[in-house]
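Next comes target25.tsv, with TSV, C-alpha atoms.
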chain	number	residue	atom	x	y	z
A	1	MET	CA	115.64	38.15	-41.31
A	2	THR	CA	112.45	36.27	-42.07
A	3	ALA	CA	109.85	38.14	-44.05
A	4	THR	CA	106.88	37.17	-41.93
A	5	SER	CA	106.23	36.43	-38.29
A	6	THR	CA	103.45	34.78	-36.34
A	7	PRO	CA	101.21	36.57	-33.82
A	8	GLY	CA	102.87	34.58	-31.05
A	9	GLU	CA	106.33	35.65	-32.15
A	10	ARG	CA	105.24	39.27	-32.13
A	11	ALA	CA	103.66	38.96	-28.67
A	12	ARG	CA	106.85	37.43	-27.33
A	13	ALA	CA	108.98	40.09	-29.03
A	14	LEU	CA	107.02	42.84	-27.32
A	15	TYR	CA	107.35	40.98	-24.04
A	16	ALA	CA	111.12	40.63	-24.56
A	17	VAL	CA	111.59	44.34	-25.26
A	18	LEU	CA	109.71	45.30	-22.09
A	19	LYS	CA	111.48	42.62	-20.05
A	20	ASN	CA	114.89	43.86	-21.21
A	21	LYS	CA	113.99	47.31	-19.97
A	22	ASP	CA	112.88	45.85	-16.66
A	23	LEU	CA	109.37	47.23	-17.18
A	24	ILE	CA	107.43	44.09	-16.27
A	25	PRO	CA	106.62	44.05	-12.55
A	26	GLU	CA	107.33	40.82	-10.70
A	27	GLY	CA	104.27	38.57	-10.71
A	28	TYR	CA	102.07	41.04	-12.61
A	29	ILE	CA	101.42	38.82	-15.61
A	30	GLU	CA	100.93	35.70	-13.51
A	31	GLN	CA	98.44	37.41	-11.21
A	32	LEU	CA	96.42	38.98	-14.01
A	33	THR	CA	96.38	35.75	-15.98
A	34	GLN	CA	95.07	33.87	-12.96
A	35	LEU	CA	92.26	36.42	-12.66
A	36	MET	CA	91.45	36.24	-16.38
A	37	GLU	CA	91.48	32.43	-16.49
A	38	HIS	CA	89.80	31.63	-13.19
A	39	GLY	CA	88.52	34.69	-11.30
A	40	TRP	CA	86.30	36.09	-14.05
A	41	SER	CA	83.85	33.34	-14.84
A	42	PRO	CA	80.25	32.80	-15.92
A	43	ASP	CA	79.86	30.87	-12.67
A	44	ASN	CA	79.78	34.32	-11.07
A	45	GLY	CA	76.90	35.44	-13.28
A	46	ALA	CA	75.13	32.17	-12.58
A	47	ARG	CA	75.21	32.96	-8.86
A	48	ILE	CA	73.70	36.39	-9.53
A	49	VAL	CA	70.90	35.05	-11.71
A	50	ALA	CA	70.02	32.14	-9.40
A	51	LYS	CA	69.91	34.50	-6.44
A	52	ALA	CA	67.63	36.87	-8.36
A	53	TRP	CA	65.30	33.96	-9.18
A	54	VAL	CA	64.84	33.00	-5.53
A	55	ASP	CA	65.16	36.34	-3.74
A	56	PRO	CA	62.72	39.08	-4.83
A	57	ALA	CA	64.55	41.79	-2.87
A	58	PHE	CA	67.84	40.92	-4.55
A	59	ARG	CA	66.11	40.84	-7.93
A	60	GLU	CA	64.76	44.32	-7.31
A	61	LEU	CA	68.22	45.59	-6.37
A	62	LEU	CA	69.83	43.88	-9.37
A	63	LEU	CA	67.43	45.59	-11.78
A	64	LYS	CA	67.75	48.95	-10.04
A	65	ASP	CA	71.50	48.97	-9.41
A	66	GLY	CA	73.30	46.04	-11.00
A	67	THR	CA	76.69	47.30	-9.86
A	68	ALA	CA	75.65	47.26	-6.19
A	69	ALA	CA	73.98	43.86	-6.52
A	70	CYS	CA	77.06	42.27	-8.10
A	71	ALA	CA	79.34	44.00	-5.59
A	72	GLN	CA	77.54	42.06	-2.82
A	73	PHE	CA	79.24	38.98	-4.27
A	74	GLY	CA	82.55	40.76	-4.79
A	75	PHE	CA	82.06	40.80	-8.56
A	76	THR	CA	83.66	44.15	-9.32
A	77	GLY	CA	86.74	45.43	-11.08
A	78	PRO	CA	87.79	46.25	-14.62
A	79	GLN	CA	84.94	46.09	-17.13
A	80	GLY	CA	82.48	45.68	-14.27
A	81	GLU	CA	82.26	49.26	-13.05
A	82	TYR	CA	78.71	50.01	-14.26
A	83	ILE	CA	76.63	46.86	-14.45
A	84	VAL	CA	73.12	46.76	-15.90
A	85	ALA	CA	70.96	43.64	-15.74
A	86	LEU	CA	68.57	43.13	-18.65
A	87	GLU	CA	65.30	41.48	-17.67
A	88	ASP	CA	63.74	39.02	-20.10
A	89	THR	CA	59.94	38.69	-20.15
A	90	PRO	CA	57.65	36.24	-21.97
A	91	GLN	CA	57.53	38.74	-24.85
A	92	LEU	CA	61.11	40.05	-24.78
A	93	LYS	CA	64.52	38.43	-25.26
A	94	ASN	CA	67.64	40.47	-24.53
A	95	VAL	CA	70.97	39.70	-26.21
A	96	ILE	CA	74.36	41.38	-25.76
A	97	VAL	CA	77.02	42.23	-28.35
A	98	CYS	CA	79.87	44.69	-28.83
A	99	SER	CA	79.83	45.65	-32.51
A	100	LEU	CA	82.87	47.94	-32.22
A	101	CYS	CA	85.29	45.67	-30.35
A	102	SER	CA	84.74	43.14	-27.57
A	103	CYS	CA	83.40	44.91	-24.48
A	104	THR	CA	81.95	42.49	-21.95
A	105	ASN	CA	81.17	42.36	-18.26
A	106	TRP	CA	84.39	40.53	-17.32
A	107	PRO	CA	83.84	39.95	-13.58
A	108	VAL	CA	80.36	38.50	-14.11
A	109	LEU	CA	80.52	36.75	-17.50
A	110	GLY	CA	84.25	36.08	-17.80
A	111	LEU	CA	86.32	37.18	-20.77
A	112	PRO	CA	84.27	37.02	-23.96
A	113	PRO	CA	84.53	33.82	-26.01
A	114	GLU	CA	86.14	33.85	-29.46
A	115	TRP	CA	82.87	33.75	-31.38
A	116	TYR	CA	81.52	36.77	-29.45
A	117	LYS	CA	84.58	38.78	-30.46
A	118	GLY	CA	84.46	37.45	-34.02
A	119	PHE	CA	83.52	39.55	-37.03
A	120	GLU	CA	80.41	37.48	-37.80
A	121	PHE	CA	78.63	38.01	-34.48
A	122	ARG	CA	79.66	41.66	-34.25
A	123	ALA	CA	78.45	42.42	-37.77
A	124	ARG	CA	75.29	40.38	-37.91
A	125	LEU	CA	73.58	40.34	-34.52
A	126	VAL	CA	72.35	43.94	-34.54
A	127	ARG	CA	70.83	43.52	-37.99
A	128	GLU	CA	69.76	39.87	-38.11
A	129	GLY	CA	69.12	39.03	-34.48
A	130	ARG	CA	66.50	36.35	-35.02
A	131	THR	CA	68.43	34.69	-37.83
A	132	VAL	CA	71.66	34.61	-35.83
A	133	LEU	CA	69.93	33.15	-32.76
A	134	ARG	CA	68.33	30.48	-34.92
A	135	GLU	CA	71.68	29.57	-36.45
A	136	LEU	CA	73.21	29.31	-33.00
A	137	GLY	CA	70.44	26.95	-31.92
A	138	THR	CA	67.87	29.19	-30.23
A	139	GLU	CA	64.51	29.35	-31.98
A	140	LEU	CA	62.20	31.97	-30.48
A	141	ALA	CA	58.45	32.25	-30.97
A	142	GLU	CA	57.46	34.88	-33.53
A	143	ASP	CA	55.75	37.00	-30.88
A	144	VAL	CA	58.95	37.32	-28.84
A	145	LEU	CA	60.65	40.64	-29.50
A	146	ILE	CA	64.45	40.53	-29.73
A	147	LYS	CA	66.30	43.43	-28.15
A	148	VAL	CA	70.00	43.61	-28.90
A	149	TRP	CA	72.22	45.66	-26.57
A	150	ASP	CA	75.32	47.02	-28.27
A	151	THR	CA	78.01	47.53	-25.61
A	152	SER	CA	79.30	50.70	-27.25
A	153	ALA	CA	80.32	52.68	-24.14
A	154	GLU	CA	80.97	51.80	-20.50
A	155	SER	CA	77.77	50.07	-19.38
A	156	ARG	CA	78.37	46.36	-18.91
A	157	TYR	CA	75.41	44.04	-19.20
A	158	LEU	CA	74.19	40.66	-18.10
A	159	VAL	CA	70.93	39.05	-19.17
A	160	LEU	CA	68.49	38.07	-16.44
A	161	PRO	CA	66.50	35.33	-18.15
A	162	GLN	CA	63.14	34.00	-17.10
A	163	ARG	CA	63.29	31.15	-14.63
A	164	PRO	CA	62.49	28.12	-16.77
A	165	ALA	CA	59.47	25.87	-16.41
A	166	GLY	CA	60.25	22.75	-14.42
A	167	SER	CA	62.68	24.51	-12.10
A	168	GLU	CA	60.11	25.23	-9.39
A	169	HIS	CA	61.52	22.73	-6.91
A	170	MET	CA	65.18	23.31	-7.62
A	171	SER	CA	67.53	24.76	-5.02
A	172	GLU	CA	69.53	27.91	-5.63
A	173	GLU	CA	72.59	25.73	-6.12
A	174	GLN	CA	70.79	23.63	-8.72
A	175	LEU	CA	69.47	26.73	-10.47
A	176	ARG	CA	73.01	28.00	-10.93
A	177	GLN	CA	73.77	25.00	-13.11
A	178	LEU	CA	71.14	26.18	-15.62
A	179	VAL	CA	72.85	29.51	-16.19
A	180	THR	CA	75.61	29.18	-18.76
A	181	LYS	CA	77.85	31.79	-20.35
A	182	ASP	CA	75.54	31.80	-23.39
A	183	VAL	CA	72.51	32.33	-21.15
A	184	LEU	CA	74.21	35.38	-19.60
A	185	ILE	CA	75.02	36.75	-23.08
A	186	GLY	CA	71.44	36.03	-24.06
A	187	VAL	CA	71.93	33.75	-27.06
A	188	ALA	CA	70.64	30.72	-25.12
A	189	LEU	CA	67.70	30.11	-22.81
A	190	PRO	CA	68.08	28.24	-19.52
A	191	ARG	CA	66.62	24.75	-19.78
A	192	VAL	CA	65.78	22.09	-17.23
A	193	GLY	CA	67.04	18.64	-18.15
B	1	MET	CA	86.61	56.99	-37.81
B	2	ASP	CA	84.65	54.94	-40.30
B	3	GLY	CA	86.82	51.86	-40.13
B	4	PHE	CA	86.62	48.12	-40.55
B	5	HIS	CA	86.24	47.75	-36.77
B	6	ASP	CA	82.80	49.38	-37.00
B	7	LEU	CA	81.11	46.16	-38.03
B	8	GLY	CA	77.46	46.56	-37.01
B	9	GLY	CA	75.32	45.75	-40.04
B	10	PHE	CA	78.29	44.90	-42.30
B	11	GLN	CA	77.14	42.27	-44.78
B	12	GLY	CA	78.99	39.39	-46.37
B	13	PHE	CA	79.94	37.35	-43.33
B	14	GLY	CA	78.96	33.72	-42.87
B	15	LYS	CA	77.63	31.93	-39.84
B	16	VAL	CA	78.86	32.64	-36.34
B	17	PRO	CA	81.25	29.76	-35.55
B	18	HIS	CA	79.40	28.55	-32.47
B	19	ARG	CA	76.56	26.35	-31.21
B	20	ILE	CA	74.84	27.36	-28.00
B	21	ASN	CA	76.29	26.05	-24.76
B	22	SER	CA	79.39	24.56	-26.31
B	23	LEU	CA	82.14	24.76	-23.73
B	24	SER	CA	84.76	26.08	-26.11
B	25	TYR	CA	85.27	29.10	-23.86
B	26	LYS	CA	86.53	26.96	-21.00
B	27	GLN	CA	90.08	27.17	-22.12
B	28	VAL	CA	90.25	30.93	-21.85
B	29	PHE	CA	93.52	31.27	-23.75
B	30	LYS	CA	93.89	28.91	-26.67
B	31	GLN	CA	97.53	29.65	-27.48
B	32	ASP	CA	100.41	30.08	-25.07
B	33	TRP	CA	101.00	33.74	-25.96
B	34	GLU	CA	97.42	35.03	-25.82
B	35	HIS	CA	97.51	35.98	-22.13
B	36	LEU	CA	100.36	38.36	-22.95
B	37	ALA	CA	98.08	40.59	-25.02
B	38	TYR	CA	95.95	41.91	-22.16
B	39	SER	CA	98.80	41.54	-19.65
B	40	LEU	CA	101.16	43.81	-21.58
B	41	MET	CA	98.27	46.14	-22.41
B	42	PHE	CA	97.48	46.53	-18.70
B	43	ILE	CA	101.13	47.09	-17.86
B	44	GLY	CA	101.20	49.99	-20.33
B	45	ALA	CA	97.77	51.41	-19.50
B	46	ASP	CA	97.26	50.68	-15.83
B	47	HIS	CA	100.66	50.02	-14.24
B	48	MET	CA	102.69	52.55	-16.27
B	49	GLY	CA	99.78	54.89	-17.00
B	50	LYS	CA	101.09	55.61	-20.48
B	51	PHE	CA	97.74	55.43	-22.27
B	52	SER	CA	94.02	54.94	-21.70
B	53	VAL	CA	91.80	52.06	-22.75
B	54	ASP	CA	90.25	54.47	-25.25
B	55	GLU	CA	93.63	54.98	-26.88
B	56	ILE	CA	94.01	51.21	-27.05
B	57	ARG	CA	90.68	50.99	-28.86
B	58	HIS	CA	91.75	53.69	-31.27
B	59	ALA	CA	95.08	51.98	-31.91
B	60	VAL	CA	93.20	48.80	-32.84
B	61	GLU	CA	91.07	50.88	-35.20
B	62	ARG	CA	94.24	52.28	-36.78
B	63	ILE	CA	95.58	48.84	-37.73
B	64	ASP	CA	95.79	48.84	-41.50
B	65	VAL	CA	92.59	47.38	-42.89
B	66	ARG	CA	94.35	44.78	-45.04
B	67	GLN	CA	96.14	43.55	-41.94
B	68	HIS	CA	93.14	43.92	-39.61
B	69	VAL	CA	90.96	41.59	-41.65
B	70	GLY	CA	93.46	38.76	-41.24
B	71	THR	CA	94.34	39.25	-37.58
B	72	GLU	CA	93.40	37.12	-34.64
B	73	TYR	CA	91.69	38.87	-31.75
B	74	TYR	CA	94.56	38.99	-29.25
B	75	GLU	CA	97.01	39.81	-32.03
B	76	ARG	CA	95.26	43.16	-32.47
B	77	TYR	CA	95.84	44.06	-28.83
B	78	VAL	CA	99.52	43.15	-29.09
B	79	ILE	CA	99.86	45.43	-32.13
B	80	ALA	CA	97.90	48.22	-30.43
B	81	THR	CA	99.95	48.00	-27.24
B	82	ALA	CA	103.24	47.95	-29.16
B	83	THR	CA	102.10	50.93	-31.23
B	84	LEU	CA	101.22	53.03	-28.19
B	85	LEU	CA	104.42	52.10	-26.35
B	86	VAL	CA	106.40	53.28	-29.38
B	87	GLU	CA	104.30	56.44	-29.75
B	88	THR	CA	104.76	57.30	-26.07
B	89	GLY	CA	108.51	56.74	-26.31
B	90	VAL	CA	108.71	53.78	-23.94
B	91	ILE	CA	110.19	51.51	-26.61
B	92	THR	CA	111.30	51.94	-30.21
B	93	GLN	CA	110.43	50.37	-33.53
B	94	ALA	CA	114.07	49.28	-33.86
B	95	GLU	CA	113.95	47.43	-30.54
B	96	LEU	CA	110.81	45.59	-31.62
B	97	ASP	CA	112.33	44.70	-34.99
B	98	GLU	CA	115.47	43.42	-33.36
B	99	ALA	CA	113.59	41.31	-30.82
B	100	LEU	CA	111.40	39.86	-33.56
B	101	GLY	CA	114.12	39.37	-36.14
B	102	SER	CA	111.96	40.99	-38.80
B	103	HIS	CA	109.83	44.10	-39.24
B	104	PHE	CA	107.20	44.50	-36.53
B	105	LYS	CA	104.32	46.18	-38.33
B	106	LEU	CA	102.55	48.70	-36.11
B	107	ALA	CA	99.20	50.42	-36.57
B	108	ASN	CA	98.93	53.41	-38.89
B	109	PRO	CA	99.48	56.87	-37.34
B	110	ALA	CA	96.48	58.78	-36.02
B	111	HIS	CA	95.03	61.19	-38.53
B	112	ALA	CA	93.37	63.48	-36.02
B	113	GLN	CA	93.98	65.16	-32.69
B	114	GLY	CA	90.58	64.27	-31.27
B	115	ARG	CA	87.75	66.63	-30.40
B	116	GLU	CA	86.11	68.05	-27.33
B	117	ALA	CA	82.77	67.08	-25.87
B	118	ILE	CA	79.75	69.35	-26.21
B	119	THR	CA	79.10	70.74	-22.75
B	120	GLY	CA	76.67	73.19	-21.18
B	121	ARG	CA	73.50	71.60	-22.47
B	122	PRO	CA	70.72	70.24	-20.26
B	123	PRO	CA	70.83	66.45	-19.98
B	124	PHE	CA	68.35	64.28	-21.83
B	125	GLU	CA	65.65	62.49	-19.89
B	126	VAL	CA	64.24	58.99	-20.04
B	127	GLY	CA	61.57	58.93	-22.74
B	128	ASP	CA	63.13	61.74	-24.77
B	129	ARG	CA	63.28	61.20	-28.50
B	130	VAL	CA	66.84	61.86	-29.62
B	131	ILE	CA	68.72	61.90	-32.90
B	132	VAL	CA	72.31	60.80	-33.30
B	133	ARG	CA	74.23	63.77	-34.65
B	134	ASP	CA	75.02	63.46	-38.34
B	135	GLU	CA	78.77	63.81	-37.89
B	136	TYR	CA	81.76	62.24	-39.57
B	137	VAL	CA	84.72	61.97	-37.25
B	138	VAL	CA	88.29	61.45	-38.44
B	139	GLY	CA	89.55	60.25	-35.06
B	140	HIS	CA	88.25	57.93	-32.36
B	141	VAL	CA	84.50	57.79	-31.81
B	142	ARG	CA	82.26	55.34	-29.97
B	143	MET	CA	79.19	55.94	-32.09
B	144	PRO	CA	78.54	52.94	-34.35
B	145	ALA	CA	78.01	54.27	-37.87
B	146	TYR	CA	74.74	52.39	-38.20
B	147	VAL	CA	72.98	54.85	-35.88
B	148	ARG	CA	74.39	58.05	-37.41
B	149	GLY	CA	71.50	60.42	-38.13
B	150	LYS	CA	68.96	57.94	-36.74
B	151	GLN	CA	66.29	58.59	-34.15
B	152	GLY	CA	65.68	56.61	-31.00
B	153	VAL	CA	64.25	56.85	-27.50
B	154	VAL	CA	66.21	57.26	-24.27
B	155	LEU	CA	65.71	54.29	-21.92
B	156	HIS	CA	68.32	55.21	-19.32
B	157	ARG	CA	70.84	57.89	-18.42
B	158	THR	CA	73.83	56.50	-16.56
B	159	THR	CA	74.42	57.72	-13.04
B	160	ALA	CA	78.17	57.52	-13.64
B	161	GLN	CA	80.14	59.71	-16.05
B	162	TRP	CA	83.19	58.91	-18.15
B	163	PRO	CA	85.76	60.93	-20.11
B	164	PHE	CA	84.58	61.68	-23.64
B	165	PRO	CA	86.15	58.96	-25.82
B	166	ASP	CA	86.76	61.25	-28.79
B	167	ALA	CA	89.08	63.32	-26.59
B	168	ILE	CA	90.71	60.83	-24.23
B	169	GLY	CA	91.09	58.41	-27.12
B	170	HIS	CA	93.68	60.88	-28.40
B	171	GLY	CA	95.41	61.28	-25.06
B	172	ASP	CA	93.50	64.32	-23.78
B	173	ARG	CA	93.39	63.63	-20.07
B	174	SER	CA	91.38	66.79	-19.47
B	175	ALA	CA	88.46	65.30	-21.44
B	176	ALA	CA	85.06	66.31	-20.08
B	177	HIS	CA	83.18	63.60	-18.23
B	178	GLN	CA	79.70	62.79	-19.51
B	179	PRO	CA	76.91	60.34	-18.86
B	180	THR	CA	75.90	57.93	-21.58
B	181	TYR	CA	72.38	57.11	-22.68
B	182	HIS	CA	70.86	53.78	-23.54
B	183	VAL	CA	69.04	54.72	-26.72
B	184	GLU	CA	66.58	52.29	-28.27
B	185	PHE	CA	66.26	52.10	-32.06
B	186	ARG	CA	63.91	50.04	-34.18
B	187	VAL	CA	65.93	47.76	-36.44
B	188	LYS	CA	63.63	48.69	-39.32
B	189	ASP	CA	64.55	52.36	-38.83
B	190	LEU	CA	68.20	51.41	-39.27
B	191	TRP	CA	68.08	49.05	-42.25
B	192	GLY	CA	64.50	49.05	-43.51
B	193	ASP	CA	63.28	45.67	-44.65
B	194	ALA	CA	66.81	44.40	-45.26
B	195	ALA	CA	66.98	43.24	-41.66
B	196	ASP	CA	65.14	41.15	-39.07
B	197	ASP	CA	62.51	42.90	-36.98
B	198	GLY	CA	63.50	43.89	-33.47
B	199	LEU	CA	65.15	46.55	-31.36
B	200	VAL	CA	68.74	47.65	-30.86
B	201	VAL	CA	69.89	49.62	-27.83
B	202	VAL	CA	73.12	51.57	-28.24
B	203	ASP	CA	75.04	53.14	-25.34
B	204	LEU	CA	75.81	56.68	-26.53
B	205	PHE	CA	77.72	59.55	-24.99
B	206	GLU	CA	75.73	62.73	-24.50
B	207	SER	CA	77.77	64.62	-27.09
B	208	TYR	CA	76.62	62.23	-29.83
B	209	LEU	CA	72.98	63.18	-29.34
B	210	ASP	CA	70.49	65.97	-29.92
B	211	LYS	CA	66.93	66.12	-28.66
B	212	VAL	CA	64.56	65.75	-31.60
B	213	ASP	CA	62.04	68.42	-30.72
B	214	SER	CA	64.65	71.07	-29.93
B	215	PRO	CA	65.56	73.68	-32.54
B	216	ARG	CA	69.25	72.75	-32.54
B	217	ALA	CA	68.43	69.30	-33.86
B	218	VAL	CA	67.20	70.76	-37.12
B	219	HIS	CA	70.65	71.79	-38.21
B	220	ALA	CA	72.58	69.08	-36.40
Can the structure from this file be put into structure tokens for me?
Amino acid sequence: MTATSTPGERARALYAVLKNKDLIPEGYIEQLTQLMEHGWSPDNGARIVAKAWVDPAFRELLLKDGTAACAQFGFTGPQGEYIVALEDTPQLKNVIVCSLCSCTNWPVLGLPPEWYKGFEFRARLVREGRTVLRELGTELAEDVLIKVWDTSAESRYLVLPQRPAGSEHMSEEQLRQLVTKDVLIGVALPRVG
Amino acid sequence: MDGFHDLGGFQGFGKVPHRINSLSYKQVFKQDWEHLAYSLMFIGADHMGKFSVDEIRHAVERIDVRQHVGTEYYERYVIATATLLVETGVITQAELDEALGSHFKLANPAHAQGREAITGRPPFEVGDRVIVRDEYVVGHVRMPAYVRGKQGVVLHRTTAQWPFPDAIGHGDRSAAHQPTYHVEFRVKDLWGDAADDGLVVVDLFESYLDKVDSPRAVHA
């Protein structure tokens, strides 16, 4: 018996115990993994934001009932049951965190990245929002208020940023390319060029 | 419970290991076992219906602090899932130990049975000033400690309702369903000058709140 084990060995041990009891449904893990790796993606959120930038009626729906707006694109499912879009303004920057664990809007943003689930971001963002954004590479003007949303219950957020200057002539498809995972979390601003 | 998981405002950490718009997220699972964490968790919670997501969260919170600090993210969900599968009698500690070839350390036992929601009160309205009840909870709770006893303003009441985490997090499937409230706090009201200026909005179950101008808040 070895004294210590790795996280991977423990994961595989749990898998083996369940497999031996025939408790793992055929194809379950493969199907879920496919969804986690490819189905849930920030490209989905980018489609939502770009649509909201070009379609005032959709924007209105998104801000009023984010769940219904995202459902129009089929972006529903676990961790996407009650979606709230957070509207940035020239004076307000919204940012998302989950200080207690890792809650994120999976269908729209994709699974959260490592740094988002890390102790540093979870501990510091609520208390040192401006400092953390600066360290990450986003310097905001002093007159911009930072509003951090702690995902502490079942609401699942996405940030609706301002459409950036210089994007006036871009197509919806081109606009999508400006909306990254970090833009949807709110730690980055969309930029042209 | 006031545990290590409740990190909001915790000091002593260094920089967030990230630069904006790096594509590090593009490989969703970095190690070949990581996809098993959520997969096995969903098999236990969703497919087998043995436990709720709230119980998963509580099991993560119950991981011994000395171990928790050194864990990787997905490792915690493997430990939590294994713990709940043992506690619900689906598998045994001995089976895990045998499969691993060494002791499989599970989370610590729960130290509480959970508690019921407060029901029968009128809901809060947008614009209401509320105070987070000054309560210390042994079991699972979804109120970050940094807002305990603090006052904020209601921005939104959810149109959906969910089972009260403090009850369902301990397996009580009869838990009352409640809306949550997006409550806005000033960062300076939470940490004074030892913080950046700004606002924090916390999503709080109705039972965590009292209305400030109501008599019951005085003795909350």
Might you pull out every residue within 8 Å of stretch 21-23 of chain B, with all atoms listed in the file counted and same-chain residues fewer than 3 positions away left off, and present them as a ChimeraX atom specification?
-> /A:180-182,188 /B:18,26
Counting only C-alpha atoms, figure out which residue out of B:Ile63, B:Met1, B:Ile20, B:Ala167 gets nearest to chain A.
->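 Using only C-alpha atoms, chain A sits closest to B:Ile20.
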Within 10 Å of B:Ile43 using only C-alpha atoms, minus same-chain residues under 2 positions, as a ChimeraX atom specification | /A:18,23-25,28-29 /B:38-41,45-50,81
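The closest residue to A:Glu128, picked from B:Lys105, B:Lys15, B:His5, B:His58 and counting all atoms listed in the file, is B:Lys15.
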Mind listing as a count of residues only which residues of chain A are within 7 Å of chain B, counting only C-alpha atoms?
-> 45
To one decimal place, how far is atom CA of B:Leu84 from atom CA of A:Gly80 in Å?
-> 24.5 Å
So which one's closest to A:Thr89, A:Gln177, A:Trp40, A:Val159, A:Thr138? Using all atoms listed in the file, please.
->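 Nearest to A:Thr89: A:Val159.
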Could you pull the residues within 12 Å of A:Phe58, counting all atoms listed in the file, minus those fewer than 4 positions along the same chain, as a list in words?
->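 In the requested format, the answer is Arg47, Ile48, Val49, Ala50, Lys51, Ala52, Trp53, Val54, Leu62, Leu63, Lys64, Asp65, Gly66, Ala68, Ala69, Cys70, Ala71, Gln72, Phe73 and Ala85 of chain A.
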Can you write out the residues you just picked, keeping C-alpha atoms, as a PDB file, keeping the file's coordinate frame?
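Saved result, part_34.pdb, follows:
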ATOM      1  CA  ARG A  47      75.210  32.960  -8.860  1.00  0.00           C
ATOM      2  CA  ILE A  48      73.700  36.390  -9.530  1.00  0.00           C
ATOM      3  CA  VAL A  49      70.900  35.050 -11.710  1.00  0.00           C
ATOM      4  CA  ALA A  50      70.020  32.140  -9.400  1.00  0.00           C
ATOM      5  CA  LYS A  51      69.910  34.500  -6.440  1.00  0.00           C
ATOM      6  CA  ALA A  52      67.630  36.870  -8.360  1.00  0.00           C
ATOM      7  CA  TRP A  53      65.300  33.960  -9.180  1.00  0.00           C
ATOM      8  CA  VAL A  54      64.840  33.000  -5.530  1.00  0.00           C
ATOM      9  CA  LEU A  62      69.830  43.880  -9.370  1.00  0.00           C
ATOM     10  CA  LEU A  63      67.430  45.590 -11.780  1.00  0.00           C
ATOM     11  CA  LYS A  64      67.750  48.950 -10.040  1.00  0.00           C
ATOM     12  CA  ASP A  65      71.500  48.970  -9.410  1.00  0.00           C
ATOM     13  CA  GLY A  66      73.300  46.040 -11.000  1.00  0.00           C
ATOM     14  CA  ALA A  68      75.650  47.260  -6.190  1.00  0.00           C
ATOM     15  CA  ALA A  69      73.980  43.860  -6.520  1.00  0.00           C
ATOM     16  CA  CYS A  70      77.060  42.270  -8.100  1.00  0.00           C
ATOM     17  CA  ALA A  71      79.340  44.000  -5.590  1.00  0.00           C
ATOM     18  CA  GLN A  72      77.540  42.060  -2.820  1.00  0.00           C
ATOM     19  CA  PHE A  73      79.240  38.980  -4.270  1.00  0.00           C
ATOM     20  CA  ALA A  85      70.960  43.640 -15.740  1.00  0.00           C
TER      21      ALA A  85
END
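Rounded to one decimal, atom CA of B:Gln178 and atom CA of B:Tyr136 lie 20.2 Å from each other.
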Between atom CA of B:Arg133 and atom CA of B:Ser207, what is the spacing in Å?
->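 Between atom CA of B:Ser207 and atom CA of B:Arg133 the gap works out to 8.4 Å.
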Can you tell me, as a PyMOL selection string, what residues are no more than 10 Å from A:Thr104 when counting only C-alpha atoms, ignoring any on the same chain fewer than 5 positions away?
-> chain A and resi 79-80+96-98+109-113+116-117+151+154-158+185
Quick one: axis-aligned box around all listed atoms of stretch 144-152 of chain B, 6 Å on every side, centre and edge lengths in Å to one decimal, written as lines of an AutoDock Vina configuration file.
center_x = 72.1
center_y = 56.4
center_z = -34.6
size_x = 24.9
size_y = 20.0
size_z = 19.2
